[in-house]
Amino acid sequence: MSDGSNMTDPILPADVPADEGALAQGGRDAMATLQRAQQLVRDAQAAIEEASRVVGLGNGAGPSDGVEARLVAAENERAELTGRLADVEHQVGRLMTLYVATYQLHATLDPVEVQTTIAEIALNLIGAEQFVLLLIDDEDQSYEIRLRQGEPTTPWAQAERYAGGDFLVDAALADGGLRFGPTAQSSALAVVPLRVQDVTVGALVIFKLLAHKPAFVKEDHDLLDLLGAHAASAVFASRVYSKTARKLRTLESLIRLVNKG
Amino acid sequence: MNAVKNRKVLVVEDSRLIHKMYEVMLRPTTLVSAYDGRDGLDKLSQSPDVDLIILDINMPKMTGLEFLAQVKSTPALAQIPVIIVSTEGKEEDVARGLQNGAAAYLRKPFQREDLLKLVNRLESKQPAA
């Protein structure tokens with residue numbers, strides 16, 4: 001790098017006003033600025049050389065080895081950060097799925113819409129091809145089959161009510177625990193009890209997954225857990241609301257009748 | 001990983017749950033929502049400036065494949081890339097979708113990363129708005 005000693009005088013445009021004093025002063029200022037810049041470059045170069053020497057000493061090797069080692073370390077760190085970023089992206093996706101499922105379950109107080117949402121979660125987010133939804137009948141505490149998707153071939157799934165007899169379904173309805181199959185006594189792949197306030201209000205029974213989904217994955221367990229709790233409270237709330245709304249309509253009709261009389 | 005920014009995406013899908021999913025996953029993209037193929041064509045006639053279409057297959061009134069055929073046979077719309085996102089995941093389903101003009105096919109259930117990769121890939125092939 002040039003040290004500036006061979007720098008020529010500044011070249012000025014030919015049509016500058018012929019004020020020689022001002023020109024000379026401008027040239028001196030420019031030269032001084034250039035010299036300051038050159039000094040800064042020399043200082044920076046010296047600092048880089050010193051830094052390289054220190055790095056080399058710190059690694060117990062020559063300056064070049066030290067820089068190389070730092071490059072390797074930086075590359076490893078970059079690879080690790082890339083992996084962590086991918087993990088975080090995946091987690092964000094999982095949380096979004098759980099958020100949307102919860103949001104949609106509680107977005108309505110219409111019992112039919114709640115059932116539709118449960119079916120959409122089972123099909124679109126879990127990948128269930130054949131499943132039934134059992135919901136408790138408040139009158140006699142038996143379980144009705146309220147929703148049937150994909151024509152499951154299991155005999156009891158063809159009936160209007162679940163009369164018992166499937167080992168996994170019976171166990172899940174009895175203790176409210178999530179069950180996975182199939183077993184010798186049950187063809188269900190999963191039984192998700194819908195439980196709220198220690199009462200099992202129903203169950204989602206999955207018999208078959210979509211052809212391109214060979215098995216449940218880790219994320220499905222979170223979703224099935226969430227479904228068990230949130231679908232239950234959504235079903236419960238929608239039923240209470242619809243009963244209350246019906247009673248309210250009856251009372252209003254009665255009041256109108258009394259007022260007319 | 002970013003979704004399409006400052007672009008307009010038409011979502012043709014009968015599930016409100018999945019509409020919500022796209023809204024959350026593709027934020028801050030502007031979404032135009034349609035709930036079946038016929039509704040999708042109506043929305044396209046109102047907003048022909050969409051940059052991308054995300055399409056379901058099984059829908060009432062007009063299926064995704066019928067909608068796709070209409071879009072691809074309309075010169076003004078034929079260049080809009082279409083991603084099919086469906087539970088129909090057999091090889092022949094995928095092949096049929098691609099043969100009918102879809103730019104990509106994603107099976108449900110899908111991961112957010114996979115959707116964003118596809119959307120960003122198709123975005124990079126298009127001139128900036």
# chains A, B, ... in the order shown; residues from 1 in each chain; ligands from 1
>>> interface_residues(of="chain A", to="chain B", cutoff="6 Å", atoms="only C-alpha atoms", output="NGL selection string")
:A and (93 or 124-125 or 127 or 212)
>>> write_last_selection(atoms="N, CA and C atoms", output="PDB file, in the first residue's frame")
ATOM      1  N   GLY A  93     -44.796 -23.933  13.945  1.00  0.00           N
ATOM      2  CA  GLY A  93     -45.844 -24.561  13.136  1.00  0.00           C
ATOM      3  C   GLY A  93     -46.766 -25.411  13.997  1.00  0.00           C
ATOM      4  N   ASN A 124     -58.335 -33.261   8.746  1.00  0.00           N
ATOM      5  CA  ASN A 124     -57.325 -32.385   8.136  1.00  0.00           C
ATOM      6  C   ASN A 124     -56.047 -32.227   8.948  1.00  0.00           C
ATOM      7  N   LEU A 125     -56.155 -32.291  10.270  1.00  0.00           N
ATOM      8  CA  LEU A 125     -54.958 -32.054  11.083  1.00  0.00           C
ATOM      9  C   LEU A 125     -54.334 -33.345  11.603  1.00  0.00           C
ATOM     10  N   GLY A 127     -55.277 -36.503  10.111  1.00  0.00           N
ATOM     11  CA  GLY A 127     -55.180 -37.417   8.975  1.00  0.00           C
ATOM     12  C   GLY A 127     -55.974 -38.687   9.183  1.00  0.00           C
ATOM     13  N   HIS A 212     -51.687 -42.055   2.883  1.00  0.00           N
ATOM     14  CA  HIS A 212     -50.334 -41.501   2.864  1.00  0.00           C
ATOM     15  C   HIS A 212     -49.806 -41.182   4.257  1.00  0.00           C
TER      16      HIS A 212
END
>>> residues_around(residues="Asp49 in chain B", least_positions_apart="2", cutoff="12 Å", atoms="only C-alpha atoms", output="VMD selection string")
chain B and resid 7 to 10 30 to 32 43 to 47 51 to 53 76 to 77 79 to 80 129
>>> atom_distance(atom1="CA of Asp87 in chain A", atom2="CA of Asp222 in chain A")
16.7 Å
>>> atom_distance(atom1="CA of Val132 in chain A", atom2="CA of Thr116 in chain A")
11.9 Å
>>> residues_around(residues="range 171-186 of chain A", least_positions_apart="6", cutoff="12 Å", atoms="only C-alpha atoms", output="ChimeraX atom specification")
/A:134-136,141-143,154-157,162,164-165,192-208,215-216,220-229,232
>>> write_last_selection(atoms="C-alpha atoms", output="PDB file, in the first residue's frame")
ATOM      1  CA  LEU A 134     -69.660 -40.646  20.403  1.00  0.00           C
ATOM      2  CA  LEU A 135     -71.539 -38.103  22.512  1.00  0.00           C
ATOM      3  CA  ILE A 136     -73.386 -38.740  25.741  1.00  0.00           C
ATOM      4  CA  GLN A 141     -76.465 -41.350  29.856  1.00  0.00           C
ATOM      5  CA  SER A 142     -75.838 -43.693  26.924  1.00  0.00           C
ATOM      6  CA  TYR A 143     -73.456 -42.803  24.079  1.00  0.00           C
ATOM      7  CA  THR A 154     -66.366 -52.229  12.669  1.00  0.00           C
ATOM      8  CA  PRO A 155     -69.880 -53.641  13.384  1.00  0.00           C
ATOM      9  CA  TRP A 156     -70.664 -51.502  16.441  1.00  0.00           C
ATOM     10  CA  ALA A 157     -69.798 -48.339  14.467  1.00  0.00           C
ATOM     11  CA  TYR A 162     -72.649 -47.488  21.368  1.00  0.00           C
ATOM     12  CA  GLY A 164     -70.285 -51.277  24.890  1.00  0.00           C
ATOM     13  CA  GLY A 165     -68.043 -54.223  24.125  1.00  0.00           C
ATOM     14  CA  VAL A 192     -59.813 -39.932  22.536  1.00  0.00           C
ATOM     15  CA  PRO A 193     -62.170 -39.442  25.464  1.00  0.00           C
ATOM     16  CA  LEU A 194     -63.777 -35.995  25.610  1.00  0.00           C
ATOM     17  CA  ARG A 195     -63.645 -35.090  29.271  1.00  0.00           C
ATOM     18  CA  VAL A 196     -64.751 -31.982  31.131  1.00  0.00           C
ATOM     19  CA  GLN A 197     -65.149 -31.496  34.905  1.00  0.00           C
ATOM     20  CA  ASP A 198     -64.405 -35.193  35.500  1.00  0.00           C
ATOM     21  CA  VAL A 199     -67.278 -36.226  33.227  1.00  0.00           C
ATOM     22  CA  THR A 200     -66.647 -38.048  29.949  1.00  0.00           C
ATOM     23  CA  VAL A 201     -69.093 -36.434  27.534  1.00  0.00           C
ATOM     24  CA  GLY A 202     -68.003 -38.489  24.535  1.00  0.00           C
ATOM     25  CA  ALA A 203     -65.126 -39.966  22.570  1.00  0.00           C
ATOM     26  CA  LEU A 204     -63.537 -39.733  19.175  1.00  0.00           C
ATOM     27  CA  VAL A 205     -62.718 -43.224  17.924  1.00  0.00           C
ATOM     28  CA  ILE A 206     -60.270 -43.406  15.006  1.00  0.00           C
ATOM     29  CA  PHE A 207     -60.218 -46.630  12.964  1.00  0.00           C
ATOM     30  CA  LYS A 208     -58.053 -45.771   9.986  1.00  0.00           C
ATOM     31  CA  ALA A 215     -48.881 -43.958  11.647  1.00  0.00           C
ATOM     32  CA  PHE A 216     -49.466 -41.310  14.296  1.00  0.00           C
ATOM     33  CA  ASP A 220     -50.566 -35.980  16.877  1.00  0.00           C
ATOM     34  CA  HIS A 221     -50.372 -36.848  20.569  1.00  0.00           C
ATOM     35  CA  ASP A 222     -50.442 -33.130  21.502  1.00  0.00           C
ATOM     36  CA  LEU A 223     -53.358 -32.586  19.158  1.00  0.00           C
ATOM     37  CA  LEU A 224     -55.285 -35.597  20.495  1.00  0.00           C
ATOM     38  CA  ASP A 225     -54.686 -34.404  24.077  1.00  0.00           C
ATOM     39  CA  LEU A 226     -55.912 -30.944  23.169  1.00  0.00           C
ATOM     40  CA  LEU A 227     -58.921 -32.381  21.392  1.00  0.00           C
ATOM     41  CA  GLY A 228     -59.835 -34.441  24.472  1.00  0.00           C
ATOM     42  CA  ALA A 229     -59.985 -31.356  26.683  1.00  0.00           C
ATOM     43  CA  ALA A 232     -65.239 -31.662  25.508  1.00  0.00           C
TER      44      ALA A 232
END
>>> closest_residue(among="B:Val119, B:Val12, B:Ala95, B:Ala104", to="Gly40 in chain B", atoms="only C-alpha atoms")
B:Val12
